[in-house]
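*Asks:* What follows is input21.pdb; its format and atoms are PDB, C-alpha atoms.
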ATOM      1  CA  ASN A1131      92.213 115.791 127.656
ATOM      2  CA  HIS A1132      88.575 115.003 126.885
ATOM      3  CA  HIS A1133      88.019 118.519 125.580
ATOM      4  CA  ILE A1134      91.131 118.377 123.391
ATOM      5  CA  LEU A1135      90.408 114.953 121.966
ATOM      6  CA  TYR A1136      86.777 115.799 121.267
ATOM      7  CA  HIS A1137      87.498 118.952 119.305
ATOM      8  CA  HIS A1138      90.344 117.420 117.295
ATOM      9  CA  ILE A1139      89.148 113.909 116.583
ATOM     10  CA  MET A1140      85.582 114.930 115.737
ATOM     11  CA  SER A1141      86.952 116.695 112.638
ATOM     12  CA  TRP A1142      88.349 113.484 111.147
ATOM     13  CA  SER A1143      87.935 109.756 111.539
ATOM     14  CA  GLN A1144      91.318 109.089 113.098
ATOM     15  CA  ILE A1145      93.300 106.050 114.222
ATOM     16  CA  VAL A1146      94.612 106.657 117.745
ATOM     17  CA  LEU A1147      97.382 104.983 119.743
ATOM     18  CA  ASP A1148      97.233 105.330 123.540
ATOM     19  CA  VAL A1149     100.722 104.691 124.969
ATOM     20  CA  GLY A1150     100.596 103.451 128.565
ATOM     21  CA  CYS A1151      96.822 103.371 128.605
ATOM     22  CA  GLY A1152      96.395 102.471 132.281
ATOM     23  CA  THR A1153      92.661 102.074 132.941
ATOM     24  CA  GLY A1154      91.891 103.090 129.369
ATOM     25  CA  ILE A1155      90.164 106.358 130.184
ATOM     26  CA  LEU A1156      91.955 108.386 127.484
ATOM     27  CA  SER A1157      91.173 105.654 124.970
ATOM     28  CA  MET A1158      87.482 105.857 125.851
ATOM     29  CA  PHE A1159      87.563 109.650 125.558
ATOM     30  CA  ALA A1160      89.117 109.262 122.096
ATOM     31  CA  SER A1161      86.530 106.713 121.025
ATOM     32  CA  GLN A1162      83.726 108.842 122.415
ATOM     33  CA  ALA A1163      85.077 111.794 120.433
ATOM     34  CA  GLY A1164      84.797 109.888 117.169
ATOM     35  CA  ALA A1165      88.053 107.992 116.644
ATOM     36  CA  LYS A1166      87.830 105.399 113.899
ATOM     37  CA  LYS A1167      89.925 102.953 115.940
ATOM     38  CA  VAL A1168      91.895 103.132 119.177
ATOM     39  CA  PHE A1169      94.804 100.880 120.139
ATOM     40  CA  ALA A1170      95.341 101.023 123.908
ATOM     41  CA  VAL A1171      98.716  99.614 124.967
ATOM     42  CA  ASP A1172     100.080  98.922 128.429
ATOM     43  CA  CYS A1173     102.751  96.453 129.521
ATOM     44  CA  SER A1174     101.461  96.017 133.077
ATOM     45  CA  ALA A1175      98.631  93.926 134.505
ATOM     46  CA  ILE A1176      96.347  96.975 134.391
ATOM     47  CA  ALA A1177      95.807  96.121 130.709
ATOM     48  CA  ASP A1178      93.616  93.206 131.818
ATOM     49  CA  GLN A1179      91.402  95.540 133.827
ATOM     50  CA  ALA A1180      91.423  98.100 131.012
ATOM     51  CA  ARG A1181      90.098  95.499 128.584
ATOM     52  CA  GLU A1182      87.201  94.737 130.919
ATOM     53  CA  ILE A1183      86.553  98.437 131.583
ATOM     54  CA  VAL A1184      86.409  99.053 127.841
ATOM     55  CA  ARG A1185      83.975  96.156 127.406
ATOM     56  CA  ILE A1186      81.520  97.096 130.160
ATOM     57  CA  ASN A1187      81.440 100.688 128.892
ATOM     58  CA  GLY A1188      80.498  99.571 125.395
ATOM     59  CA  PHE A1189      83.720 100.369 123.536
ATOM     60  CA  ALA A1190      84.974  96.823 122.835
ATOM     61  CA  GLU A1191      84.413  97.060 119.082
ATOM     62  CA  ASN A1192      86.268 100.343 118.744
ATOM     63  CA  ILE A1193      89.075  99.985 121.295
ATOM     64  CA  GLU A1194      91.608  97.169 121.115
ATOM     65  CA  VAL A1195      93.589  96.755 124.325
ATOM     66  CA  ILE A1196      97.051  95.267 123.789
ATOM     67  CA  LYS A1197      99.108  93.997 126.704
ATOM     68  CA  GLY A1198     102.825  94.337 126.093
ATOM     69  CA  LYS A1199     105.738  96.712 125.631
ATOM     70  CA  ILE A1200     105.429  99.245 122.836
ATOM     71  CA  GLU A1201     108.913  98.259 121.725
ATOM     72  CA  GLU A1202     107.875  94.598 121.340
ATOM     73  CA  ILE A1203     104.263  94.581 120.135
ATOM     74  CA  GLN A1204     102.917  94.661 116.599
ATOM     75  CA  LEU A1205      99.945  96.781 115.620
ATOM     76  CA  PRO A1206      97.508  95.535 112.949
ATOM     77  CA  VAL A1207      98.023  98.827 111.089
ATOM     78  CA  ASP A1208     101.072 100.441 109.528
ATOM     79  CA  HIS A1209     100.383 103.948 110.830
ATOM     80  CA  VAL A1210      98.366 105.887 113.379
ATOM     81  CA  ASP A1211      97.148 109.481 113.093
ATOM     82  CA  ILE A1212      97.276 110.462 116.751
ATOM     83  CA  ILE A1213      99.329 109.379 119.762
ATOM     84  CA  ILE A1214      97.960 110.137 123.206
ATOM     85  CA  SER A1215      99.826 109.476 126.442
ATOM     86  CA  GLU A1216     100.056 110.706 129.988
ATOM     87  CA  TRP A1217     103.780 110.042 129.998
ATOM     88  CA  MET A1218     104.815 112.754 132.451
ATOM     89  CA  GLY A1219     106.351 111.824 135.807
ATOM     90  CA  TYR A1220     107.578 113.733 138.835
ATOM     91  CA  PHE A1221     110.170 116.302 137.762
ATOM     92  CA  LEU A1222     108.617 115.687 134.321
ATOM     93  CA  LEU A1223     111.063 112.864 133.535
ATOM     94  CA  TYR A1224     111.041 110.590 136.610
ATOM     95  CA  GLU A1225     109.779 107.113 135.687
ATOM     96  CA  SER A1226     108.698 108.800 132.494
ATOM     97  CA  MET A1227     107.366 106.902 129.500
ATOM     98  CA  LEU A1228     108.553 109.576 127.109
ATOM     99  CA  ASP A1229     111.230 107.411 125.510
ATOM    100  CA  THR A1230     108.469 104.870 124.789
ATOM    101  CA  VAL A1231     106.285 107.588 123.257
ATOM    102  CA  LEU A1232     109.209 108.611 121.045
ATOM    103  CA  PHE A1233     109.649 105.010 119.912
ATOM    104  CA  ALA A1234     105.950 104.814 119.020
ATOM    105  CA  ARG A1235     106.174 108.167 117.223
ATOM    106  CA  ASP A1236     109.088 107.058 115.067
ATOM    107  CA  LYS A1237     107.534 103.690 114.255
ATOM    108  CA  TRP A1238     103.855 104.448 113.675
ATOM    109  CA  LEU A1239     102.933 108.129 113.564
ATOM    110  CA  VAL A1240     102.036 109.418 110.093
ATOM    111  CA  LYS A1241     103.812 112.434 108.656
ATOM    112  CA  ASP A1242     102.273 115.577 110.173
ATOM    113  CA  GLY A1243     100.586 113.369 112.774
ATOM    114  CA  VAL A1244      99.440 114.605 116.168
ATOM    115  CA  ILE A1245     100.775 113.918 119.667
ATOM    116  CA  PHE A1246      98.903 114.921 122.831
ATOM    117  CA  PRO A1247     100.604 116.681 124.592
ATOM    118  CA  ASP A1248     103.250 117.893 122.139
ATOM    119  CA  LYS A1249     105.207 120.461 124.176
ATOM    120  CA  ALA A1250     106.716 120.473 127.681
ATOM    121  CA  VAL A1251     108.763 123.035 129.590
ATOM    122  CA  MET A1252     110.373 122.644 133.019
ATOM    123  CA  TYR A1253     111.099 125.607 135.303
ATOM    124  CA  ILE A1254     113.129 126.265 138.441
ATOM    125  CA  CYS A1255     112.723 128.851 141.217
ATOM    126  CA  GLY A1256     113.840 129.446 144.819
ATOM    127  CA  ILE A1257     111.783 128.993 147.978
ATOM    128  CA  GLU A1258     111.748 129.798 151.682
ATOM    129  CA  ASP A1259     110.880 126.563 153.452
ATOM    130  CA  GLY A1260     112.660 126.648 156.783
ATOM    131  CA  GLN A1261     110.048 124.858 158.862
ATOM    132  CA  VAL A1262     109.720 121.891 156.509
ATOM    133  CA  LYS A1263     113.466 121.668 155.977
ATOM    134  CA  GLN A1264     113.861 121.558 159.757
ATOM    135  CA  GLU A1265     111.392 118.676 159.974
ATOM    136  CA  ARG A1266     112.762 116.702 157.026
ATOM    137  CA  ILE A1267     116.505 117.429 157.003
ATOM    138  CA  ASN A1268     117.803 119.215 160.097
ATOM    139  CA  PHE A1269     115.804 116.825 162.282
ATOM    140  CA  TRP A1270     118.725 114.402 161.998
ATOM    141  CA  ASP A1271     121.089 116.803 163.793
ATOM    142  CA  ASP A1272     119.496 115.905 167.116
ATOM    143  CA  VAL A1273     117.316 112.800 167.428
ATOM    144  CA  TYR A1274     116.523 112.408 171.132
ATOM    145  CA  GLY A1275     119.937 113.851 171.873
ATOM    146  CA  PHE A1276     121.821 111.762 169.304
ATOM    147  CA  ASN A1277     123.653 113.185 166.301
ATOM    148  CA  MET A1278     122.607 111.308 163.166
ATOM    149  CA  ALA A1279     124.533 113.359 160.645
ATOM    150  CA  PRO A1280     125.170 110.368 158.310
ATOM    151  CA  ILE A1281     121.403 110.066 157.763
ATOM    152  CA  LYS A1282     121.161 113.805 157.149
ATOM    153  CA  GLN A1283     123.798 113.492 154.429
ATOM    154  CA  ILE A1284     121.556 110.968 152.681
ATOM    155  CA  ALA A1285     118.347 112.928 153.248
ATOM    156  CA  ILE A1286     119.718 116.158 151.778
ATOM    157  CA  LYS A1287     120.485 114.338 148.519
ATOM    158  CA  GLU A1288     116.945 113.042 148.013
ATOM    159  CA  PRO A1289     114.602 115.467 146.244
ATOM    160  CA  VAL A1290     111.212 115.845 147.905
ATOM    161  CA  VAL A1291     108.001 115.641 145.883
ATOM    162  CA  ASP A1292     105.440 117.746 147.698
ATOM    163  CA  VAL A1293     103.097 120.699 147.400
ATOM    164  CA  VAL A1294     104.818 124.089 147.599
ATOM    165  CA  LEU A1295     102.720 127.038 148.700
ATOM    166  CA  PRO A1296     102.864 129.989 146.305
ATOM    167  CA  THR A1297     103.742 132.240 149.255
ATOM    168  CA  ALA A1298     106.963 130.228 149.751
ATOM    169  CA  VAL A1299     108.395 131.243 146.370
ATOM    170  CA  VAL A1300     110.998 134.009 146.798
ATOM    171  CA  THR A1301     112.442 134.329 143.276
ATOM    172  CA  ASP A1302     111.254 134.484 139.719
ATOM    173  CA  ALA A1303     111.097 131.223 137.749
ATOM    174  CA  VAL A1304     113.125 130.438 134.636
ATOM    175  CA  PRO A1305     112.947 127.559 132.139
ATOM    176  CA  ILE A1306     115.604 124.852 132.293
ATOM    177  CA  LEU A1307     114.252 122.373 129.724
ATOM    178  CA  HIS A1308     112.188 122.677 126.540
ATOM    179  CA  LEU A1309     110.864 119.534 124.862
ATOM    180  CA  ASP A1310     109.067 119.325 121.528
ATOM    181  CA  ILE A1311     107.636 115.816 121.553
ATOM    182  CA  LEU A1312     107.233 115.887 117.778
ATOM    183  CA  THR A1313     110.967 116.287 117.154
ATOM    184  CA  CYS A1314     113.011 115.534 120.293
ATOM    185  CA  THR A1315     115.119 112.408 120.685
ATOM    186  CA  LYS A1316     115.897 110.104 123.575
ATOM    187  CA  ASP A1317     119.252 111.849 123.960
ATOM    188  CA  ASP A1318     117.442 115.120 124.702
ATOM    189  CA  LEU A1319     116.014 113.599 127.895
ATOM    190  CA  ALA A1320     119.442 113.861 129.525
ATOM    191  CA  PHE A1321     120.084 117.576 129.800
ATOM    192  CA  GLN A1322     122.268 120.272 131.303
ATOM    193  CA  ALA A1323     121.188 123.883 131.691
ATOM    194  CA  PRO A1324     122.587 127.033 133.314
ATOM    195  CA  PHE A1325     120.087 129.327 134.998
ATOM    196  CA  LYS A1326     119.851 132.671 136.770
ATOM    197  CA  ILE A1327     117.023 133.584 139.134
ATOM    198  CA  LYS A1328     116.318 136.890 140.879
ATOM    199  CA  ALA A1329     115.011 137.371 144.418
ATOM    200  CA  THR A1330     111.596 139.036 144.497
ATOM    201  CA  ARG A1331     111.763 139.969 148.194
ATOM    202  CA  ASN A1332     114.052 140.005 151.223
ATOM    203  CA  ASP A1333     113.960 136.507 152.672
ATOM    204  CA  PHE A1334     115.811 133.253 153.300
ATOM    205  CA  LEU A1335     116.281 130.708 150.535
ATOM    206  CA  HIS A1336     116.344 127.078 151.669
ATOM    207  CA  GLY A1337     116.064 125.284 148.371
ATOM    208  CA  LEU A1338     115.061 125.237 144.729
ATOM    209  CA  VAL A1339     111.836 123.947 143.245
ATOM    210  CA  ALA A1340     111.197 122.472 139.804
ATOM    211  CA  TYR A1341     107.828 122.234 138.080
ATOM    212  CA  PHE A1342     106.632 121.785 134.521
ATOM    213  CA  GLU A1343     104.018 122.846 132.016
ATOM    214  CA  CYS A1344     102.579 120.868 129.115
ATOM    215  CA  ALA A1345     100.851 122.233 126.040
ATOM    216  CA  PHE A1346      98.590 120.907 123.308
ATOM    217  CA  THR A1347      99.466 123.129 120.367
ATOM    218  CA  GLN A1348      98.293 121.004 117.426
ATOM    219  CA  VAL A1349      94.695 122.047 117.871
ATOM    220  CA  HIS A1350      92.719 125.024 116.605
ATOM    221  CA  LYS A1351      92.914 126.744 119.989
ATOM    222  CA  PRO A1352      96.087 125.629 121.830
ATOM    223  CA  ILE A1353      95.693 124.950 125.545
ATOM    224  CA  GLY A1354      97.843 123.535 128.320
ATOM    225  CA  PHE A1355      98.282 123.013 132.037
ATOM    226  CA  SER A1356     100.885 123.857 134.661
ATOM    227  CA  THR A1357     102.144 122.159 137.813
ATOM    228  CA  ALA A1358     103.451 125.466 139.207
ATOM    229  CA  PRO A1359     102.918 126.351 142.883
ATOM    230  CA  PHE A1360     100.691 129.216 141.702
ATOM    231  CA  CYS A1361      98.297 126.910 139.833
ATOM    232  CA  ASN A1362      95.703 124.323 140.782
ATOM    233  CA  TYR A1363      96.919 121.163 142.503
ATOM    234  CA  THR A1364      98.024 118.232 140.347
ATOM    235  CA  HIS A1365      99.210 114.798 141.427
ATOM    236  CA  TRP A1366     102.680 115.710 140.083
ATOM    237  CA  LYS A1367     102.991 118.380 142.812
ATOM    238  CA  GLN A1368     106.446 120.043 142.711
ATOM    239  CA  THR A1369     109.992 118.717 143.201
ATOM    240  CA  LEU A1370     112.100 120.325 145.948
ATOM    241  CA  PHE A1371     115.877 120.353 146.173
ATOM    242  CA  TYR A1372     116.994 121.480 149.627
ATOM    243  CA  LEU A1373     120.371 123.204 149.757
ATOM    244  CA  PRO A1374     122.895 122.240 152.465
ATOM    245  CA  ASP A1375     122.967 125.819 153.806
ATOM    246  CA  VAL A1376     120.552 128.718 154.046
ATOM    247  CA  ILE A1377     121.054 131.692 151.730
ATOM    248  CA  THR A1378     119.941 135.154 152.841
ATOM    249  CA  VAL A1379     118.667 137.066 149.795
ATOM    250  CA  CYS A1380     117.647 140.656 149.244
ATOM    251  CA  GLU A1381     115.158 141.773 146.631
ATOM    252  CA  GLY A1382     116.827 142.073 143.231
ATOM    253  CA  GLU A1383     119.869 139.923 144.055
ATOM    254  CA  GLU A1384     120.633 137.158 141.571
ATOM    255  CA  LEU A1385     121.521 133.524 142.136
ATOM    256  CA  THR A1386     123.242 131.619 139.341
ATOM    257  CA  GLY A1387     123.293 127.894 138.913
ATOM    258  CA  ASP A1388     123.597 124.896 136.684
ATOM    259  CA  ILE A1389     121.466 121.769 136.646
ATOM    260  CA  ALA A1390     122.321 118.483 134.953
ATOM    261  CA  CYS A1391     120.041 115.456 134.765
ATOM    262  CA  GLN A1392     120.464 111.959 133.393
ATOM    263  CA  PRO A1393     119.014 108.494 134.026
ATOM    264  CA  ASN A1394     120.775 106.526 136.733
ATOM    265  CA  LYS A1395     123.117 103.940 135.182
ATOM    266  CA  LYS A1396     121.924 101.102 137.436
ATOM    267  CA  ASN A1397     118.220 101.934 137.267
ATOM    268  CA  ASN A1398     117.226 104.118 134.331
ATOM    269  CA  ARG A1399     113.850 104.879 135.890
ATOM    270  CA  ASP A1400     115.712 106.883 138.570
ATOM    271  CA  LEU A1401     117.314 110.250 137.845
ATOM    272  CA  ASP A1402     120.739 111.532 138.822
ATOM    273  CA  ILE A1403     120.533 115.310 139.189
ATOM    274  CA  GLN A1404     123.508 117.559 139.869
ATOM    275  CA  LEU A1405     122.747 121.062 141.094
ATOM    276  CA  SER A1406     125.406 123.774 141.324
ATOM    277  CA  VAL A1407     124.490 127.074 142.984
ATOM    278  CA  SER A1408     126.512 130.278 143.354
ATOM    279  CA  PHE A1409     125.466 133.452 145.141
ATOM    280  CA  GLN A1410     127.148 136.634 146.290
ATOM    281  CA  GLY A1411     124.859 138.989 148.137
ATOM    282  CA  GLN A1412     124.764 141.635 150.811
ATOM    283  CA  HIS A1413     124.327 139.107 153.626
ATOM    284  CA  SER A1414     125.359 135.730 152.128
ATOM    285  CA  ASN A1415     127.961 134.069 149.962
ATOM    286  CA  TYR A1416     127.348 130.555 148.699
ATOM    287  CA  SER A1417     128.968 128.225 146.185
ATOM    288  CA  LYS A1418     128.260 124.504 146.324
ATOM    289  CA  THR A1419     127.422 121.531 144.135
ATOM    290  CA  THR A1420     125.052 118.846 145.383
ATOM    291  CA  ASP A1421     124.325 115.478 143.768
ATOM    292  CA  PHE A1422     120.701 114.331 144.080
ATOM    293  CA  ARG A1423     118.997 111.081 143.153
ATOM    294  CA  LEU A1424     115.276 111.004 142.482
ATOM    295  CA  ARG A1425     114.001 107.496 143.151
TER     296      ARG A1425
END
Could you show the structure in this file as structure tokens?

*Replies:*
Amino acid sequence: NHHILYHHIMSWSQIVLDVGCGTGILSMFASQAGAKKVFAVDCSAIADQAREIVRINGFAENIEVIKGKIEEIQLPVDHVDIIISEWMGYFLLYESMLDTVLFARDKWLVKDGVIFPDKAVMYICGIEDGQVKQERINFWDDVYGFNMAPIKQIAIKEPVVDVVLPTAVVTDAVPILHLDILTCTKDDLAFQAPFKIKATRNDFLHGLVAYFECAFTQVHKPIGFSTAPFCNYTHWKQTLFYLPDVITVCEGEELTGDIACQPNKKNNRDLDIQLSVSFQGQHSNYSKTTDFRLR
């Protein structure tokens, strides 16, 4: 982020809006890179600490920290040139601030303005994860000799956010969601997508894994980052969806599916995710739909 901000903002004296500023670190990067003015907004108590952090680091004249909801505050300017935000959550959209970023974009961003990051893509692939599934899910089949199947039925419907080893991936990965932050709408954040993945080796498939990539394309040399199992660790990790049954796959066999995601009606920070999977292979047949809730 520092590298991106430096090389873009240094070219012009820009007004920057930091949505969900947290400690204010992106705001300070922007100011350090030459921003004319930075408005750092956060609705939580962290804004109080951010204001002090900005002051003790010598940025008080250039960075104005505003405590409040983007949807409710007023900025002392009509437009901003750049919006920066680390809005991404687990599974890209969990507890995401993206709808808030879109509100800020529509209200304040100048025509042909810049958003960092401006592109996001989410992918899905299959994994072999028998040992962990045994510990997390099948554990409830026999707890000190007692059958706790009702707990297992709850556990299987809760996605797991954890690190997936690249060696656990047994299929190719395909995109299930494309977001252009410059043009997408709030309605685009609820999505449905069919997918087809192909086994890359003979193995067992215990679940599906989702991860995302973000890109900064509005710069001279576009760059990005990935939360894939094959890439460096990030705090977003990966999101695992364990299937009720094990699927035996052979190299080249294809699994088809459909994934649908929308905010939970009672708590829109949670996500309701429906995953349908169908497979007909040499050693396995499978066709089930599972409802998950990420919370």

*Asks:* Would you pick out the contacts of Asp1388 in chain A at 6 Å or less, using only C-alpha atoms, so that residues sharing its chain but fewer than 5 positions from it are not included, and give the list as a VMD selection string?

*Replies:* chain A and resid 1323 to 1325 1405 to 1406

*Asks:* By how many Å are CA of Glu1384 in chain A and CA of Leu1223 in chain A apart?

*Replies:*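 It comes out at 27.3 Å.
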
*Asks:* Using only C-alpha atoms, pick whichever of A:Gly1260, A:Val1349, A:Cys1255, A:Leu1312 has the shortest atom-to-atom distance to Leu1385 in chain A.

*Replies:* A:Cys1255

*Asks:* Please report the interatomic distance between CA of Asn1362 in chain A and CA of Ile1254 in chain A in Å with one decimal.

*Replies:*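 That distance, rounded to one decimal, is 17.7 Å.
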
*Asks:* Would you compute the distance between CA of Ile1155 in chain A and CA of Thr1313 in chain A? Give it in Å to one decimal.

*Replies:* 26.5 Å

*Asks:* Hey, can you pull every residue with an atom no more than 8 Å from (115.0, 122.6, 135.3), using all atoms listed in the file, and send it as a PyMOL selection string?

*Replies:* chain A and resi 1252-1254+1305-1307+1323+1340-1341+1389

*Asks:* Write out as a tab-separated table a residue-level contact list of range 1337-1384 of chain A versus range 1238-1248 of chain A with cut-off 8 Å: for each qualifying residue the closest pair of atoms and the distance in Å to one decimal, counting only C-alpha atoms, rows sorted by chain and residue number upward.

*Replies:*
residue	atom	partner	partner_atom	distance
A:Cys1344	CA	A:Pro1247	CA	6.5
A:Ala1345	CA	A:Pro1247	CA	5.7
A:Phe1346	CA	A:Pro1247	CA	4.9
A:Thr1347	CA	A:Asp1248	CA	6.7
A:Gln1348	CA	A:Val1244	CA	6.6

*Asks:* Mind telling me what the PyMOL selection byres ((chain A and resi 1339) around 10) catches here, as a list in words?

*Replies:*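 So the PyMOL selection byres ((chain A and resi 1339) around 10) ends up selecting Phe1221, Tyr1253, Ile1254, Cys1255, Gly1256, Ile1257, Pro1289, Val1290, Val1291, Asp1292, Val1294, Val1299, Ala1303, Gly1337, Leu1338, Ala1340, Tyr1341, Ala1358, Pro1359, Gln1368, Thr1369, Leu1370, Phe1371 and Tyr1372 of chain A.
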
*Asks:* Write out, as a PDB file, in the coordinates of the input, the residues just selected, with C-alpha atoms.

*Replies:*
ATOM      1  CA  PHE A1221     110.170 116.302 137.762  1.00  0.00           C
ATOM      2  CA  TYR A1253     111.099 125.607 135.303  1.00  0.00           C
ATOM      3  CA  ILE A1254     113.129 126.265 138.441  1.00  0.00           C
ATOM      4  CA  CYS A1255     112.723 128.851 141.217  1.00  0.00           C
ATOM      5  CA  GLY A1256     113.840 129.446 144.819  1.00  0.00           C
ATOM      6  CA  ILE A1257     111.783 128.993 147.978  1.00  0.00           C
ATOM      7  CA  PRO A1289     114.602 115.467 146.244  1.00  0.00           C
ATOM      8  CA  VAL A1290     111.212 115.845 147.905  1.00  0.00           C
ATOM      9  CA  VAL A1291     108.001 115.641 145.883  1.00  0.00           C
ATOM     10  CA  ASP A1292     105.440 117.746 147.698  1.00  0.00           C
ATOM     11  CA  VAL A1294     104.818 124.089 147.599  1.00  0.00           C
ATOM     12  CA  VAL A1299     108.395 131.243 146.370  1.00  0.00           C
ATOM     13  CA  ALA A1303     111.097 131.223 137.749  1.00  0.00           C
ATOM     14  CA  GLY A1337     116.064 125.284 148.371  1.00  0.00           C
ATOM     15  CA  LEU A1338     115.061 125.237 144.729  1.00  0.00           C
ATOM     16  CA  ALA A1340     111.197 122.472 139.804  1.00  0.00           C
ATOM     17  CA  TYR A1341     107.828 122.234 138.080  1.00  0.00           C
ATOM     18  CA  ALA A1358     103.451 125.466 139.207  1.00  0.00           C
ATOM     19  CA  PRO A1359     102.918 126.351 142.883  1.00  0.00           C
ATOM     20  CA  GLN A1368     106.446 120.043 142.711  1.00  0.00           C
ATOM     21  CA  THR A1369     109.992 118.717 143.201  1.00  0.00           C
ATOM     22  CA  LEU A1370     112.100 120.325 145.948  1.00  0.00           C
ATOM     23  CA  PHE A1371     115.877 120.353 146.173  1.00  0.00           C
ATOM     24  CA  TYR A1372     116.994 121.480 149.627  1.00  0.00           C
TER      25      TYR A1372
END

*Asks:* Leaving out Ile1145 in chain A and any residue of its chain fewer than 6 positions from it, which residues lie within 12 Å of it when counting only C-alpha atoms, given as a ChimeraX atom specification?

*Replies:* /A:1139,1157,1160-1161,1163-1170,1192-1194,1205-1214,1238-1240,1243-1244

*Asks:* For a quick check of understanding, using only C-alpha atoms, which of A:Pro1374, A:Gly1387, A:Gly1154, A:Gly1198 has the smallest distance to Glu1216 in chain A?

*Replies:* A:Gly1154

*Asks:* Taking all atoms of range 1382-1398 of chain A that appear in the file, build a box with edges along x, y and z, extend it by 8 Å on every side, and state its centre and edge lengths in Å to one decimal, as JSON.

*Replies:*
{"center_x": 120.2, "center_y": 121.6, "center_z": 138.7, "size_x": 22.8, "size_y": 57.0, "size_z": 26.7}

*Asks:* Do a neighbour search on Ala1329 in chain A at 7 Å with all atoms listed in the file, toss out local chain neighbours closer than 4 positions, and write the hits as a list in words.

*Replies:*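 Neighbouring residues, sequence-local ones excluded: Val1300, Thr1301, Asp1302, Val1379, Cys1380, Glu1381, Gly1382, Glu1383 and Glu1384 of chain A.
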
*Asks:* I'd like to know which of A:Phe1159, A:Val1376, A:Ala1250, A:Phe1409 is closest to Gln1264 in chain A, using only C-alpha atoms.

*Replies:*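 Among the listed residues, the smallest separation from Gln1264 in chain A belongs to A:Val1376.
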
*Asks:* Between A:Arg1181, A:Lys1282, A:His1336, A:Arg1331, which residue has the minimum interatomic distance to Trp1270 in chain A, considering all atoms listed in the file?

*Replies:*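 Between A:Arg1181, A:Lys1282, A:His1336, A:Arg1331, the residue approaching Trp1270 in chain A most closely is A:Lys1282.
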
*Asks:* Looking at all atoms listed in the file, which of A:Val1149, A:Leu1228, A:Met1278, A:Val1273 is the one that sits closest to Lys1249 in chain A?

*Replies:*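 Ranking A:Val1149, A:Leu1228, A:Met1278, A:Val1273 by distance to Lys1249 in chain A, first place goes to A:Leu1228.
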
*Asks:* For this structure, which residues satisfy the selection - the PyMOL selection byres ((chain A and resi 1173) around 10) - when it is evaluated on the file as given? I want them as number ranges by chain.

*Replies:* A: 1149-1152, 1171-1172, 1174-1178, 1196-1200, 1202-1203

*Asks:* Given the PyMOL selection byres ((chain A and resi 1267) around 9) and the file above, list the residues it selects as a PyMOL selection string.

*Replies:* chain A and resi 1262-1266+1268-1271+1281-1283+1285-1286+1372
